[in-house]
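Quick look at start-v9.cif (mmCIF, C-alpha atoms):
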```cif
data_model
loop_
_atom_site.label_atom_id
_atom_site.label_comp_id
_atom_site.auth_asym_id
_atom_site.auth_seq_id
_atom_site.Cartn_x
_atom_site.Cartn_y
_atom_site.Cartn_z
CA MET A 1 -0.15 13.46 21.07
CA ASN A 2 -2.43 10.40 21.14
CA ARG A 3 -4.22 8.96 18.10
CA ARG A 4 -7.56 10.57 19.01
CA SER A 5 -5.94 14.00 19.09
CA PHE A 6 -4.20 13.32 15.78
CA LEU A 7 -7.46 12.32 14.12
CA THR A 8 -9.29 15.34 15.53
CA MET A 9 -6.66 17.72 14.18
CA THR A 10 -6.46 15.92 10.83
CA ALA A 11 -10.25 16.06 10.51
CA ALA A 12 -10.04 19.81 11.00
CA VAL A 13 -7.56 20.07 8.12
CA MET A 14 -9.75 17.86 5.92
CA ALA A 15 -12.93 19.78 6.77
CA GLY A 16 -11.50 22.85 5.10
CA GLY A 17 -10.37 20.84 2.12
CA THR A 18 -13.40 20.79 -0.15
CA ILE A 19 -12.22 21.65 -3.65
CA PHE A 20 -14.06 24.71 -4.94
CA PRO A 21 -13.35 26.59 -8.15
CA GLY A 22 -10.57 29.06 -7.55
CA ILE A 23 -8.71 27.02 -4.92
CA SER A 24 -5.21 26.42 -6.21
CA LEU A 25 -3.36 23.11 -6.46
CA SER A 26 -0.71 24.56 -4.13
CA HIS A 27 -3.40 25.12 -1.49
CA ILE A 28 -4.49 21.50 -1.78
CA LEU A 29 -0.89 20.34 -1.54
CA ASP A 30 -0.43 22.46 1.60
CA ARG A 31 -3.14 20.40 3.33
CA HIS A 32 -1.24 17.19 2.67
CA ARG A 33 2.00 18.83 3.74
CA GLU A 34 0.34 19.73 7.05
CA ILE A 35 -0.85 16.16 7.62
CA CYS A 36 2.62 14.87 6.74
CA GLU A 37 4.31 17.25 9.15
CA ARG A 38 1.81 16.40 11.89
CA THR A 39 2.55 12.71 11.38
CA PHE A 40 6.27 13.37 11.82
CA SER A 41 5.55 15.42 14.94
CA VAL A 42 3.57 12.57 16.49
CA ALA A 43 6.35 10.15 15.54
CA ALA A 44 8.89 12.34 17.32
CA ASP A 45 6.70 12.51 20.43
CA MET A 46 6.51 8.70 20.42
CA ASP A 47 10.26 8.36 19.70
CA LEU A 48 9.38 5.99 16.85
CA ALA A 49 12.75 6.34 15.10
CA ARG A 50 14.31 4.06 17.73
CA ARG A 51 11.91 1.22 16.99
CA PRO A 52 12.12 -1.48 14.27
CA ILE A 53 10.82 -0.36 10.88
CA GLY A 54 7.87 -2.79 11.01
CA GLU A 55 6.67 -1.29 14.28
CA ILE A 56 7.00 2.21 12.83
CA VAL A 57 4.88 1.14 9.84
CA VAL A 58 2.15 -0.10 12.18
CA GLU A 59 2.16 3.00 14.39
CA VAL A 60 2.00 5.31 11.37
CA GLY A 61 -0.76 3.22 9.83
CA LYS A 62 -2.81 3.45 13.03
CA LEU A 63 -2.74 7.24 12.78
CA PHE A 64 -4.86 6.97 9.62
CA ILE A 65 -7.58 4.78 11.13
CA ASP A 66 -10.99 6.26 10.26
CA ALA A 67 -9.66 8.05 7.17
CA PRO A 68 -12.11 7.56 4.27
CA TYR A 69 -11.63 4.96 1.54
CA GLU A 70 -11.59 6.23 -2.03
CA ALA A 71 -11.41 3.90 -5.01
CA HIS A 72 -9.03 4.43 -7.94
CA THR A 73 -7.05 7.07 -6.06
CA LEU A 74 -4.25 7.09 -8.63
CA GLU A 75 -6.29 6.68 -11.82
CA LYS A 76 -6.47 10.33 -12.80
CA PRO A 77 -6.84 11.75 -16.32
CA GLY A 78 -3.98 13.53 -18.02
CA GLU A 79 -0.25 13.12 -17.78
CA GLU A 80 1.04 10.73 -15.11
CA ARG A 81 2.12 12.62 -12.01
CA LEU A 82 2.94 11.77 -8.42
CA ILE A 83 -0.39 11.82 -6.60
CA ILE A 84 0.00 13.08 -3.03
CA ASN A 85 -3.05 12.30 -0.89
CA LEU A 86 -2.93 11.79 2.87
CA GLU A 87 -6.66 12.44 3.34
CA VAL A 88 -8.24 9.43 1.62
CA PHE A 89 -6.80 6.04 0.69
CA ASP A 90 -7.32 2.90 -1.30
CA CYS A 91 -5.68 -0.31 -0.09
CA VAL A 92 -2.44 0.21 -2.04
CA THR A 93 -1.99 3.92 -1.33
CA LEU A 94 -2.40 3.25 2.40
CA VAL A 95 0.49 0.76 2.20
CA GLU A 96 2.64 3.05 0.04
CA ASN A 97 2.14 6.19 2.11
CA THR A 98 2.63 4.41 5.40
CA LEU A 99 5.88 2.81 4.22
CA ALA A 100 7.14 6.12 2.80
CA LEU A 101 6.45 7.99 6.04
CA ALA A 102 7.96 5.19 8.14
CA ARG A 103 11.17 5.22 6.11
CA CYS A 104 11.52 8.97 6.60
CA ILE A 105 11.03 8.58 10.35
CA LYS A 106 13.61 5.81 10.56
CA LYS A 107 16.10 7.83 8.50
CA GLY A 108 15.54 10.93 10.60
CA ASN A 109 14.75 12.91 7.45
CA THR A 110 11.28 14.18 8.26
CA THR A 111 10.55 16.78 5.60
CA PHE A 112 7.67 16.83 3.16
CA GLU A 113 10.17 16.66 0.30
CA ALA A 114 11.79 13.55 1.78
CA TYR A 115 8.35 11.90 2.06
CA THR A 116 7.41 12.66 -1.57
CA GLY A 117 10.79 11.32 -2.71
CA GLU A 118 10.26 8.07 -0.82
CA LEU A 119 6.72 7.78 -2.19
CA GLN A 120 7.91 8.13 -5.79
CA MET A 121 10.61 5.51 -5.23
CA ILE A 122 8.04 3.08 -3.84
CA ARG A 123 5.32 3.66 -6.43
CA TYR A 124 7.31 3.64 -9.69
CA ARG A 125 9.51 1.08 -11.39
CA GLY A 126 13.06 1.82 -10.33
CA GLY A 127 11.75 4.98 -8.68
CA VAL A 128 11.49 6.70 -12.07
CA LEU A 129 8.23 8.44 -13.00
CA ASP A 130 8.08 8.08 -16.78
CA GLY A 131 4.45 7.94 -17.86
CA TYR A 132 1.54 5.70 -16.96
CA PRO A 133 3.31 2.36 -17.59
CA SER A 134 6.12 3.27 -15.15
CA ARG A 135 3.73 2.91 -12.21
CA LEU A 136 3.77 -0.51 -10.52
CA HIS A 137 0.19 -1.49 -11.30
CA TYR A 138 0.36 -5.18 -10.34
CA PHE A 139 1.24 -5.83 -6.70
CA THR A 140 3.45 -8.83 -7.47
CA ASP A 141 5.45 -6.41 -9.64
CA TRP A 142 5.37 -3.89 -6.77
CA ILE A 143 6.89 -6.45 -4.38
CA TYR A 144 9.50 -7.51 -6.94
CA ASP A 145 10.60 -3.96 -7.76
CA ASN A 146 10.67 -2.77 -4.15
CA GLU A 147 12.76 -5.78 -3.22
CA LEU A 148 15.26 -4.82 -5.94
CA LYS A 149 15.37 -1.30 -4.47
CA GLY A 150 16.07 -2.68 -0.99
CA TYR A 151 12.80 -1.39 0.47
CA VAL A 152 11.21 -4.76 1.27
CA THR A 153 12.08 -8.45 1.37
CA ASN A 154 9.65 -11.00 -0.05
CA VAL A 155 9.36 -13.40 2.90
CA SER A 156 6.45 -15.48 1.59
CA ARG A 157 8.61 -18.64 1.57
CA ASP A 158 10.28 -17.79 4.88
CA VAL A 159 6.97 -17.50 6.72
CA GLY A 160 6.25 -21.11 5.77
CA GLY A 161 3.73 -23.26 3.92
CA ALA A 162 4.31 -21.43 0.64
CA GLU A 163 3.56 -22.95 -2.74
CA PRO A 164 4.43 -21.78 -6.28
CA PHE A 165 2.08 -19.09 -7.54
CA ARG A 166 1.15 -19.91 -11.11
CA LYS A 167 -1.26 -17.66 -12.90
CA GLU A 168 -1.50 -15.89 -16.23
CA ILE A 169 -1.60 -12.15 -15.45
CA ARG A 170 -3.85 -10.38 -17.95
CA PHE A 171 -6.36 -8.37 -15.94
CA MET A 172 -5.49 -4.90 -17.22
CA SER A 173 -5.12 -5.85 -20.88
CA GLU A 174 -8.30 -7.96 -20.79
CA ASN A 175 -10.23 -5.14 -19.11
CA ARG A 176 -8.80 -2.32 -21.18
CA ASP A 177 -12.03 -0.30 -21.15
CA SER A 178 -11.82 0.01 -17.35
CA TYR A 179 -8.55 1.96 -17.59
CA THR A 180 -8.87 5.34 -19.29
CA GLN A 181 -5.14 5.59 -19.94
CA LEU A 182 -5.11 2.33 -21.89
CA SER A 183 -6.89 4.03 -24.77
CA ASN A 184 -3.33 5.10 -25.58
CA GLU A 185 -2.01 2.30 -27.79
CA ASP A 186 1.59 2.75 -26.64
CA PHE A 187 0.57 2.46 -22.99
CA PHE A 188 -1.54 -0.62 -23.77
CA ARG A 189 1.36 -2.38 -25.48
CA ALA A 190 3.70 -1.47 -22.61
CA ILE A 191 1.28 -2.92 -20.04
CA LYS A 192 0.91 -6.14 -22.06
CA LYS A 193 4.69 -6.44 -22.17
CA GLN A 194 4.87 -5.98 -18.40
CA GLU A 195 2.25 -8.68 -17.93
CA ASP A 196 4.42 -11.07 -19.95
CA VAL A 197 7.42 -10.24 -17.77
CA ILE A 198 5.43 -10.86 -14.58
CA ASP A 199 4.23 -14.20 -15.98
CA ASN A 200 7.83 -15.36 -16.45
CA ARG A 201 8.91 -14.68 -12.86
CA GLU A 202 8.80 -17.18 -10.03
CA TYR A 203 6.47 -16.24 -7.17
CA PHE A 204 5.30 -18.09 -4.07
CA PHE A 205 2.21 -17.60 -1.93
CA ILE A 206 0.84 -19.04 1.30
CA PRO A 207 -2.50 -20.76 0.62
CA LYS A 208 -5.08 -19.60 3.12
CA GLY A 209 -5.61 -23.16 4.31
CA ASN A 210 -1.94 -23.32 5.37
CA PHE A 211 -1.69 -19.96 7.08
CA HIS A 212 -2.75 -21.00 10.59
CA MET A 213 0.30 -23.28 10.86
CA TYR A 214 2.79 -20.51 10.14
CA GLU A 215 1.15 -17.37 11.52
CA MET A 216 3.72 -17.23 14.35
CA ASN A 217 6.40 -16.36 11.76
CA MET A 218 4.70 -13.09 10.82
CA GLN A 219 5.81 -9.70 12.14
CA ASP A 220 4.07 -6.42 12.84
CA GLY A 221 4.24 -4.20 9.77
CA ASP A 222 4.52 -7.04 7.24
CA ILE A 223 2.92 -5.97 3.96
CA LEU A 224 0.23 -8.39 2.81
CA GLY A 225 -0.87 -9.04 -0.75
CA PHE A 226 -3.97 -11.24 -0.86
CA THR A 227 -3.93 -13.52 -3.90
CA THR A 228 -7.16 -14.10 -5.75
CA ASN A 229 -9.06 -16.43 -8.06
CA ILE A 230 -10.24 -13.45 -10.14
CA ARG A 231 -9.29 -14.15 -13.75
CA GLY A 232 -6.02 -12.54 -14.83
CA LEU A 233 -5.38 -10.77 -11.49
CA ASP A 234 -2.56 -11.52 -9.05
CA ILE A 235 -3.46 -9.57 -5.90
CA GLN A 236 -6.97 -8.34 -5.08
CA HIS A 237 -6.24 -6.50 -1.84
CA THR A 238 -3.34 -5.23 0.25
CA ALA A 239 -2.93 -4.54 3.97
CA LEU A 240 -0.50 -4.25 6.87
CA ALA A 241 -0.15 -7.04 9.43
CA ILE A 242 -0.81 -6.04 13.03
CA LYS A 243 -0.88 -8.31 16.07
CA VAL A 244 -3.96 -8.00 18.27
CA ASP A 245 -4.31 -10.28 21.30
CA GLU A 246 -1.66 -12.70 19.98
CA ARG A 247 -3.30 -13.08 16.55
CA PHE A 248 -2.52 -11.17 13.38
CA HIS A 249 -5.16 -8.92 11.85
CA ALA A 250 -5.16 -6.61 8.82
CA LEU A 251 -4.79 -2.84 9.07
CA HIS A 252 -6.25 -1.77 5.75
CA ALA A 253 -8.44 0.51 3.65
CA PRO A 254 -11.26 -1.96 2.98
CA GLU A 255 -13.82 -0.75 0.44
CA VAL A 256 -16.08 2.05 -0.75
CA GLY A 257 -18.24 3.46 2.03
CA ARG A 258 -15.87 2.38 4.79
CA THR A 259 -12.77 3.80 6.44
CA VAL A 260 -9.26 2.65 7.30
CA GLU A 261 -9.58 0.06 10.05
CA ILE A 262 -8.12 -2.95 11.82
CA THR A 263 -10.17 -6.02 10.95
CA GLY A 264 -12.29 -7.44 13.75
CA ARG A 265 -11.44 -10.94 12.56
CA ASN A 266 -7.93 -12.35 12.51
CA LEU A 267 -6.23 -13.01 9.16
CA MET A 268 -7.18 -16.69 9.03
CA GLU A 269 -10.86 -15.90 9.62
CA TYR A 270 -10.75 -12.90 7.30
CA MET A 271 -9.41 -14.97 4.37
CA ALA A 272 -11.73 -17.90 5.10
CA LEU A 273 -14.76 -15.64 4.72
CA ASN A 274 -13.59 -14.17 1.42
CA ARG A 275 -14.21 -16.67 -1.37
CA ARG A 276 -12.17 -14.61 -3.83
CA MET A 277 -9.02 -14.81 -1.72
CA THR A 278 -6.77 -17.83 -2.21
CA GLY A 279 -3.94 -16.89 0.15
CA LEU A 280 -1.32 -14.22 0.59
CA MET A 281 2.16 -12.99 -0.26
CA VAL A 282 4.20 -11.28 2.45
CA ALA A 283 6.73 -8.46 1.95
CA ARG A 284 8.67 -7.32 5.01
CA PRO A 285 9.90 -3.71 5.22
CA ARG A 286 13.71 -3.69 5.35
CA GLU A 287 15.62 -2.00 8.12
CA ILE A 288 17.49 1.08 7.00
#
```
Take the structure I supplied and represent it as structure tokens, if you would.
Amino acid sequence: MNRRSFLTMTAAVMAGGTIFPGISLSHILDRHREICERTFSVAADMDLARRPIGEIVVEVGKLFIDAPYEAHTLEKPGEERLIINLEVFDCVTLVENTLALARCIKKGNTTFEAYTGELQMIRYRGGVLDGYPSRLHYFTDWIYDNELKGYVTNVSRDVGGAEPFRKEIRFMSENRDSYTQLSNEDFFRAIKKQEDVIDNREYFFIPKGNFHMYEMNMQDGDILGFTTNIRGLDIQHTALAIKVDERFHALHAPEVGRTVEITGRNLMEYMALNRRMTGLMVARPREI
């Protein structure tokens, strides 16, 4: 099945997915199960399991091109739960879901349950879902924790041109009113403690002015975290690296009103045009 056929069939699933009163949560979950299973079917047709994990990540990510962007996909009221959504994405959930699906394909364990297990491991500290603070909210923390779990390797220094990343991380605690769950005093204190831990780690990033000299060291499927000059924030955007005509571009969920896409501009041009971006960190999916 080619990508056009996949998108046509997925659109048919999504078209019937409007949430009306009386439609059960299990019915909604069945839609995502169907998309998951269709993804694994396409992967089998393409014999993706034989390919390097980074290439699998890219091919899976391409299947979601044209899927709608939705902001704050995981910021839902109520008790923290594993959000399963293969219909719409923000920039982080696109990365997480693509990596989870790719790992299942590489392992040869292509069940919906295997996918949700991988997704939980990727999204939560140590893979343990234990309330709102257990989610990896800051992407530097996401890279750190997923490296500990053996899911990725932080290759920011290996790519080349990296410099120490020094910044006081305070965005969530300083913008408490923007996060409904932080009205809970215990959650707020836990997040502040996590920010302190992140501040005391050593990170490196590749300044955007250096990137053109080291682009050749990138690989398809590398996970990109774009560093930012926004006060208190480490990473403002995430994406997957994909080579197009010998230059690397970003496969990403860009912003409200747009859909998952491959950038028309290469990474160097893309960062140069974004005044908020200062460079990038690179996490490489690990072979299984």
Result set, the PyMOL selection byres ((chain A and resi 166) around 10) on current file, as a list of chain:residue names: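 Evaluating the PyMOL selection byres ((chain A and resi 166) around 10) on these coordinates yields A:Glu163, A:Pro164, A:Phe165, A:Lys167, A:Glu168, A:Ile169, A:Asp199, A:Asn200, A:Arg201, A:Glu202, A:Tyr203, A:Phe204, A:Phe205, A:Asp234.
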Please expand the PyMOL selection byres ((chain A and resi 271) around 12) into the concrete residues it hits in this file, giving the result as a ChimeraX atom specification. /A:206-212,224-228,236-237,248-250,263,265-270,272-280
I'd like to see the residues matched by the PyMOL selection byres ((chain A and resi 102) around 10) on this file, and ideally I'd get them as a PyMOL selection string. chain A and resi 39-40+43+48-49+52-61+96-101+103-108+110+115+118+285
12 Å contact set for Glu185 of chain A, all atoms listed in the file, chain neighbours under 5 positions out, as a PyMOL selection string: chain A and resi 132-133+173+176+180+190-192
Can you write just those residues out, C-alpha atoms, as a JSON list (two decimals), keeping the file's coordinate frame?
```
[["chain", "number", "residue", "atom", "x", "y", "z"],
["A", 132, "TYR", "CA", 1.54, 5.70, -16.96],
["A", 133, "PRO", "CA", 3.31, 2.36, -17.59],
["A", 173, "SER", "CA", -5.12, -5.85, -20.88],
["A", 176, "ARG", "CA", -8.80, -2.32, -21.18],
["A", 180, "THR", "CA", -8.87, 5.34, -19.29],
["A", 190, "ALA", "CA", 3.70, -1.47, -22.61],
["A", 191, "ILE", "CA", 1.28, -2.92, -20.04],
["A", 192, "LYS", "CA", 0.91, -6.14, -22.06]]
```
Pairwise distance for atom CA of Arg123 of chain A and atom CA of Gly264 of chain A, rounded to one decimal in Å: 29.0 Å
Using atom CA of Thr73 of chain A and atom CA of Gln194 of chain A as the two end points, give the distance in Å to one decimal. 21.6 Å
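Remark: for Pro77 of chain A, the closest of the candidate residues A:Thr111, A:Ser183, A:Ser134, A:Asn146 is A:Ser183 (distances computed over all atoms listed in the file).
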Please provide the set of residues having any atom within 10 Å of Tyr144 of chain A, restricted to all atoms listed in the file, with same-chain residues fewer than 2 positions apart removed, written as a VMD selection string. chain A and resid 125 136 139 to 142 146 to 149 152 to 154 198 201 203 283
In Å, how far is it from atom CA of Ala71 of chain A to atom CA of Thr116 of chain A? 21.0 Å
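Remark: for Asp90 of chain A, the closest of the candidate residues A:Glu261, A:Glu255, A:Asp177, A:Glu246 is A:Glu255 (distances computed over all atoms listed in the file).
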From the structure block, carefully write segment 83-158 of chain A out with C-alpha atoms; format it as a CSV table (one decimal), in the first residue's frame.
```csv
chain,number,residue,atom,x,y,z
A,83,ILE,CA,-3.5,9.6,25.8
A,84,ILE,CA,-3.7,7.5,22.6
A,85,ASN,CA,-4.3,9.7,19.5
A,86,LEU,CA,-3.1,8.7,16.0
A,87,GLU,CA,-5.5,11.1,14.3
A,88,VAL,CA,-4.1,14.5,15.3
A,89,PHE,CA,-0.6,15.5,16.6
A,90,ASP,CA,1.4,18.2,18.2
A,91,CYS,CA,5.2,18.3,17.5
A,92,VAL,CA,6.0,16.1,20.5
A,93,THR,CA,3.3,13.5,20.1
A,94,LEU,CA,4.3,13.0,16.4
A,95,VAL,CA,7.8,12.2,17.6
A,96,GLU,CA,6.6,9.9,20.4
A,97,ASN,CA,4.1,8.0,18.4
A,98,THR,CA,6.4,7.5,15.4
A,99,LEU,CA,9.2,6.2,17.6
A,100,ALA,CA,6.8,3.9,19.5
A,101,LEU,CA,5.4,2.4,16.3
A,102,ALA,CA,8.9,2.1,14.8
A,103,ARG,CA,10.2,0.2,17.8
A,104,CYS,CA,7.3,-2.3,17.5
A,105,ILE,CA,8.0,-2.8,13.9
A,106,LYS,CA,11.7,-3.4,14.5
A,107,LYS,CA,10.9,-5.8,17.3
A,108,GLY,CA,8.4,-7.7,15.3
A,109,ASN,CA,5.7,-7.2,18.0
A,110,THR,CA,3.0,-5.4,16.0
A,111,THR,CA,0.0,-5.4,18.3
A,112,PHE,CA,-1.9,-2.4,19.6
A,113,GLU,CA,-1.0,-3.4,23.1
A,114,ALA,CA,2.7,-3.5,22.3
A,115,TYR,CA,2.4,0.0,20.7
A,116,THR,CA,0.7,1.5,23.8
A,117,GLY,CA,3.3,-0.1,26.1
A,118,GLU,CA,6.1,1.5,24.0
A,119,LEU,CA,4.3,4.8,24.1
A,120,GLN,CA,4.0,4.8,27.8
A,121,MET,CA,7.7,3.9,28.2
A,122,ILE,CA,8.7,6.8,25.9
A,123,ARG,CA,6.4,9.5,27.4
A,124,TYR,CA,6.8,8.9,31.2
A,125,ARG,CA,9.8,9.1,33.5
A,126,GLY,CA,11.2,5.6,33.8
A,127,GLY,CA,8.1,4.4,31.8
A,128,VAL,CA,6.0,4.7,35.0
A,129,LEU,CA,2.7,6.6,34.7
A,130,ASP,CA,2.3,8.1,38.2
A,131,GLY,CA,0.4,11.4,37.9
A,132,TYR,CA,0.9,14.6,36.0
A,133,PRO,CA,4.5,15.2,37.1
A,134,SER,CA,5.6,11.7,35.9
A,135,ARG,CA,5.2,12.9,32.3
A,136,LEU,CA,8.4,14.2,30.6
A,137,HIS,CA,7.2,17.8,30.1
A,138,TYR,CA,10.6,19.3,29.1
A,139,PHE,CA,12.2,17.9,26.0
A,140,THR,CA,15.7,18.0,27.5
A,141,ASP,CA,14.4,15.8,30.2
A,142,TRP,CA,12.7,13.6,27.6
A,143,ILE,CA,16.0,13.0,25.8
A,144,TYR,CA,17.8,12.4,29.1
A,145,ASP,CA,15.3,9.8,30.3
A,146,ASN,CA,14.9,8.0,27.0
A,147,GLU,CA,18.7,7.7,26.8
A,148,LEU,CA,18.7,6.1,30.3
A,149,LYS,CA,16.0,3.7,29.0
A,150,GLY,CA,18.1,2.8,26.0
A,151,TYR,CA,15.6,4.2,23.5
A,152,VAL,CA,17.8,7.0,22.1
A,153,THR,CA,21.3,8.3,22.2
A,154,ASN,CA,22.0,12.0,22.6
A,155,VAL,CA,24.4,12.6,19.7
A,156,SER,CA,24.4,16.4,19.9
A,157,ARG,CA,28.2,16.4,20.6
A,158,ASP,CA,28.9,13.6,18.1
```
